[in-house]
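J.: Handing you a structure now.
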Amino acid sequence: MPPKSPSGIPERVLSLLPNIHREKLSSLVKIKASNTTQVREESDSIQGYLRVLEQRRKFVEDDLADIPPRWNINDDAYKSLIMAKIEAACAGTPKSGTVIVSKQFKTNTLQYFGGSRLDQHGVAQVYCMMTGWYGDFGRKGKEKTPVKGVQLVPRSLEGGDLNYLFGIRGGDKILSSVENSLLLHKNIGLALDACQVIFVPEMTQSEGLKWKLVVTDQSMLKNSATERYDWVASDCLDQNLHGTYLKFLNENRPAKRYLYLRYVITYLILKKRGPRSVEWAVDNKTKEFTWAAPGPYLRQSLLRSLSRRVSDHYLPVALYQDNTFSELSRTKNKSVEEEADYTLSLANKLVLSTEVEDEEEDSSEEDSTSDEDTSCDTCMIGGRGAASFVWENPGVS
């Protein structure tokens, strides 16, 4: 059989064509090969996208349930919201064990929440959702700001046990998802990691659901929170954080499932210390435990056994009955023995020292504290100091 060229035409036949026709045919063959490769790559990408979408299906369904009915907004806006939720669920996922670079996480978080800008002088600024705008620079002109991209779900919880708790497959995504983040002054972020503060949902008549910062550690109330704020109003500063709300700049919000898990983690860790440590979780009016943003966030059986393992107490019914699910049609429940293993592994992760995360956060930053002007004012939280930066009232409701 005579040999064929890449075009599939025998060489003997090709040799009879004029040079210009052979060159044209060769060009068409290359274009076809390129298009075939492109189609194959796009097909592989779509298949991968669909696999991830199936793994994160519960997250997508939960997020879509939060979107207002389509008759309240125009069709284009509705489609945009739906696509944003799906894309957020299917964004690139790091491999298991990958260390999330804090600087990249912060950049993604700033973009998602619209937390960066240039002032009237062209100087870069970044936004804290509790205390406002700060200059995004250090004394030597290098990037250095007290605002951090804070993860709600600790990175130490990565693994199949966490996937099962959320009712998904492939849960590594939660570590790098912008919906698992807040933009906060580093002192507030440290307090959140240390279970000294928490964000509690509150339903208001005028603005709907809002997130209130509550100080859980009463011993902190006498300390300054940042260079401009106390945890509560004092003779030194008349601006306080305790009882005030997160202020967002756009329509994007952190996912309620992550805020709920952070709330539960804080409750369990503090419950271990004694009943008075969780008085902040009791509603002042009803004198009962409450969570004002219900949804099927976590698997009930695993959450209840986890609470018993971590705190030596069961979670109050009011804190889980409207915030958990028992079964999912797409996933099979684990056996009692498997859930016991998951409970043990998650409990061990929860009690890991927060100092590990602090060290990773510090080592990932490009600038060192030696670049800062150490003569500026400082504020303290749990024995830590924080340099004073340019501040501006956020002016956002």
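For the structure tokens, the naming scheme is as follows: chains receive sequential letters (A, B, ...) according to their order of presentation, residues are indexed from 1 within each chain, and ligands are indexed from 1 in presentation order.
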Quick check for you: according to DSSP on this backbone, which residues of segment 134-330 of chain A are classed as strand (DSSP E)? Reply as a ChimeraX atom specification.

T.: /A:134-135,147-151,181-185,197-204,208-215,298-299,324-325

J.: Next, write the just-selected residues to a file, as a compact mmCIF listing (two decimals), in the first residue's frame, keeping N, CA, C and O atoms as the atom set.

T.:
# COMPACT_ATOMS: atom_id res chain seq x y z
N TYR A 134 -7.38 51.05 54.45
CA TYR A 134 -6.00 51.24 54.91
C TYR A 134 -5.08 51.38 53.70
O TYR A 134 -5.33 50.76 52.65
N GLY A 135 -4.00 52.14 53.87
CA GLY A 135 -3.00 52.23 52.83
C GLY A 135 -2.32 50.88 52.62
O GLY A 135 -1.96 50.20 53.59
N VAL A 147 -4.59 44.47 56.75
CA VAL A 147 -5.77 43.74 56.26
C VAL A 147 -5.34 42.39 55.68
O VAL A 147 -4.43 42.32 54.85
N LYS A 148 -6.01 41.34 56.12
CA LYS A 148 -5.70 39.99 55.67
C LYS A 148 -6.93 39.32 55.05
O LYS A 148 -8.07 39.66 55.39
N GLY A 149 -6.69 38.38 54.18
CA GLY A 149 -7.75 37.50 53.71
C GLY A 149 -7.87 36.36 54.71
O GLY A 149 -7.03 35.47 54.75
N VAL A 150 -8.90 36.39 55.54
CA VAL A 150 -9.06 35.44 56.64
C VAL A 150 -9.94 34.28 56.21
O VAL A 150 -11.04 34.49 55.68
N GLN A 151 -9.48 33.06 56.43
CA GLN A 151 -10.26 31.87 56.10
C GLN A 151 -11.21 31.52 57.23
O GLN A 151 -10.82 31.47 58.40
N SER A 181 -14.04 33.24 52.96
CA SER A 181 -13.10 34.29 53.37
C SER A 181 -13.80 35.56 53.83
O SER A 181 -14.97 35.80 53.51
N LEU A 182 -13.06 36.36 54.58
CA LEU A 182 -13.43 37.71 54.95
C LEU A 182 -12.19 38.58 54.86
O LEU A 182 -11.06 38.09 55.01
N LEU A 183 -12.37 39.86 54.62
CA LEU A 183 -11.27 40.82 54.65
C LEU A 183 -11.31 41.50 56.01
O LEU A 183 -12.24 42.26 56.32
N LEU A 184 -10.30 41.22 56.84
CA LEU A 184 -10.30 41.72 58.21
C LEU A 184 -8.93 42.24 58.60
O LEU A 184 -7.90 41.76 58.12
N HIS A 185 -8.92 43.21 59.49
CA HIS A 185 -7.68 43.63 60.14
C HIS A 185 -7.07 42.41 60.80
O HIS A 185 -7.77 41.57 61.36
N VAL A 197 -13.57 36.01 69.21
CA VAL A 197 -14.70 36.72 68.61
C VAL A 197 -15.38 35.78 67.62
O VAL A 197 -14.79 34.78 67.18
N ILE A 198 -16.61 36.10 67.26
CA ILE A 198 -17.36 35.29 66.30
C ILE A 198 -18.36 36.19 65.59
O ILE A 198 -18.72 37.26 66.11
N PHE A 199 -18.80 35.78 64.41
CA PHE A 199 -19.80 36.52 63.66
C PHE A 199 -21.14 35.78 63.75
O PHE A 199 -21.23 34.61 63.38
N VAL A 200 -22.15 36.49 64.22
CA VAL A 200 -23.46 35.91 64.49
C VAL A 200 -24.48 36.51 63.52
O VAL A 200 -24.52 37.74 63.35
N PRO A 201 -25.31 35.69 62.87
CA PRO A 201 -26.32 36.24 61.96
C PRO A 201 -27.44 36.94 62.72
O PRO A 201 -27.85 36.49 63.79
N GLU A 202 -27.93 38.02 62.16
CA GLU A 202 -29.04 38.75 62.76
C GLU A 202 -29.95 39.24 61.63
O GLU A 202 -29.50 39.90 60.70
N MET A 203 -31.21 38.91 61.71
CA MET A 203 -32.18 39.31 60.69
C MET A 203 -32.78 40.66 61.06
O MET A 203 -33.35 40.81 62.13
N THR A 204 -32.60 41.64 60.18
CA THR A 204 -33.14 42.97 60.43
C THR A 204 -34.27 43.26 59.45
O THR A 204 -34.29 42.73 58.33
N GLY A 208 -32.33 43.12 56.00
CA GLY A 208 -32.26 41.67 55.89
C GLY A 208 -31.19 41.08 56.79
O GLY A 208 -30.95 41.57 57.90
N LEU A 209 -30.53 40.04 56.30
CA LEU A 209 -29.54 39.33 57.11
C LEU A 209 -28.24 40.12 57.21
O LEU A 209 -27.67 40.53 56.21
N LYS A 210 -27.78 40.33 58.44
CA LYS A 210 -26.52 40.99 58.69
C LYS A 210 -25.69 40.12 59.63
O LYS A 210 -26.22 39.24 60.32
N TRP A 211 -24.37 40.38 59.66
CA TRP A 211 -23.47 39.57 60.47
C TRP A 211 -22.81 40.44 61.53
O TRP A 211 -22.07 41.36 61.22
N LYS A 212 -23.10 40.13 62.78
CA LYS A 212 -22.65 40.94 63.91
C LYS A 212 -21.43 40.32 64.59
O LYS A 212 -21.40 39.11 64.86
N LEU A 213 -20.43 41.14 64.85
CA LEU A 213 -19.26 40.67 65.59
C LEU A 213 -19.59 40.64 67.07
O LEU A 213 -20.06 41.63 67.64
N VAL A 214 -19.34 39.50 67.70
CA VAL A 214 -19.58 39.33 69.12
C VAL A 214 -18.28 38.88 69.78
O VAL A 214 -17.64 37.92 69.33
N VAL A 215 -17.88 39.58 70.82
CA VAL A 215 -16.69 39.19 71.59
C VAL A 215 -17.09 38.08 72.53
O VAL A 215 -17.99 38.24 73.37
N LEU A 298 -24.59 21.11 57.33
CA LEU A 298 -23.70 20.03 57.76
C LEU A 298 -24.48 18.75 58.02
O LEU A 298 -25.68 18.78 58.28
N ARG A 299 -23.75 17.63 58.00
CA ARG A 299 -24.38 16.33 58.24
C ARG A 299 -24.64 16.17 59.75
O ARG A 299 -23.72 16.24 60.56
N THR A 324 -28.85 21.40 59.62
CA THR A 324 -28.18 20.16 59.24
C THR A 324 -29.08 19.34 58.32
O THR A 324 -30.27 19.64 58.14
N PHE A 325 -28.50 18.30 57.74
CA PHE A 325 -29.26 17.34 56.93
C PHE A 325 -28.95 15.94 57.43
O PHE A 325 -27.88 15.69 58.00

J.: Apply DSSP to the backbone of this structure and, from segment 201-263 of chain A, keep only the residues in helix (DSSP H, G or I); write these as a PyMOL selection string.

T.: chain A and resi 218-222+256-263

J.: Kindly give the distance, in Å, that separates atom CA of Thr216 of chain A and atom CA of Gln196 of chain A, rounded to a single decimal.

T.: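 According to the coordinates, atom CA of Thr216 of chain A and atom CA of Gln196 of chain A are separated by 5.1 Å.
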
J.: Can you measure atom CA of Asn323 of chain A to atom CA of Pro296 of chain A for me? One decimal in Å is fine.

T.: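 A separation of 4.9 Å between them.
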
J.: Would you list the contacts of Thr343 of chain A as a ChimeraX atom specification, taking every protein, DNA or RNA residue within 9 Å and counting only C-alpha atoms, but skipping same-chain residues closer than 4 positions in sequence?

T.: /A:161,302-303,305-307,309,338-339,347-348

J.: Using only C-alpha atoms, pick whichever of A:Tyr245, A:Tyr342, A:Tyr297, A:Tyr229 has the shortest atom-to-atom distance to Arg262 of chain A.

T.: A:Tyr297

J.: Just the residues within 8 Å of Val232 of chain A, please, counting only C-alpha atoms, with nothing from its chain fewer than 3 positions along; format it as number ranges by chain.

T.: A: 221-222, 239-242

J.: Between atom CA of Ser345 of chain A and atom CA of Gln104 of chain A, what is the spacing in Å?

T.: 28.4 Å

J.: Please determine, counting only C-alpha atoms, which residue among A:His121, A:Arg304, A:Arg155, A:Arg276 has the shortest atom-to-atom distance to Leu352 of chain A.

T.: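 Nearest to Leu352 of chain A: A:Arg155.
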
J.: With a distance cut-off of 12 Å and only C-alpha atoms, select the neighbouring residues of Cys195 of chain A, excluding the residue or stretch itself and same-chain residues fewer than 6 positions from it, and output the selection as a ChimeraX atom specification.

T.: /A:152,154,188-189,213-218,220,262-271,273,277-278,280,350-351,353-354,382

J.: Give the answer as one residue: which of A:Gln300, A:Ser311, A:Gln205, A:Asn19 has the shortest atom-to-atom distance to Leu328 of chain A, using only C-alpha atoms?

T.: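 Of A:Gln300, A:Ser311, A:Gln205, A:Asn19, the one nearest Leu328 of chain A, counting only C-alpha atoms, is A:Gln300.
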
J.: Please, which residues in segment 207-257 of chain A fall within 9 Å of segment 108-117 of chain A when counting only C-alpha atoms, and what is the closest atom pair and distance in Å to one decimal for each, ordered by chain then residue number, as a Markdown table?

T.:
| residue | atom | partner | partner_atom | distance |
| --- | --- | --- | --- | --- |
| A:Phe248 | CA | A:Phe113 | CA | 7.3 |
| A:Leu249 | CA | A:Gly114 | CA | 6.4 |
| A:Asn250 | CA | A:Phe113 | CA | 6.4 |
| A:Glu251 | CA | A:Phe113 | CA | 8.1 |
| A:Asn252 | CA | A:Phe113 | CA | 6.0 |
| A:Arg253 | CA | A:Phe113 | CA | 7.5 |

J.: As a ChimeraX atom specification, please: the residues near Tyr258 of chain A (cut-off 8 Å, only C-alpha atoms, same-chain neighbours under 5 positions excluded).

T.: /A:152-153,179-180

J.: Please produce an output containing N, CA, C and O atoms for each residue in the selection, written as a short mmCIF file (atom, residue, chain, number, x, y, z; two decimals), in the first residue's frame.

T.:
data_model
loop_
_atom_site.label_atom_id
_atom_site.label_comp_id
_atom_site.auth_asym_id
_atom_site.auth_seq_id
_atom_site.Cartn_x
_atom_site.Cartn_y
_atom_site.Cartn_z
N LEU A 152 -12.47 31.29 56.90
CA LEU A 152 -13.46 30.92 57.90
C LEU A 152 -13.32 29.47 58.32
O LEU A 152 -13.34 29.15 59.50
N VAL A 153 -13.16 28.57 57.34
CA VAL A 153 -12.91 27.17 57.64
C VAL A 153 -11.40 26.97 57.72
O VAL A 153 -10.70 27.20 56.73
N GLU A 179 -15.48 32.35 48.87
CA GLU A 179 -16.67 32.34 49.71
C GLU A 179 -16.36 31.84 51.12
O GLU A 179 -17.21 31.87 52.00
N ASN A 180 -15.13 31.35 51.31
CA ASN A 180 -14.66 30.91 52.62
C ASN A 180 -13.75 31.99 53.22
O ASN A 180 -12.78 31.68 53.90
#

J.: Write out as JSON, numbers by chain which residues come within 7 Å of Thr290 of chain A when counting only C-alpha atoms, dropping same-chain ones fewer than 6 positions away.

T.: {"A": [282, 283, 318, 319]}
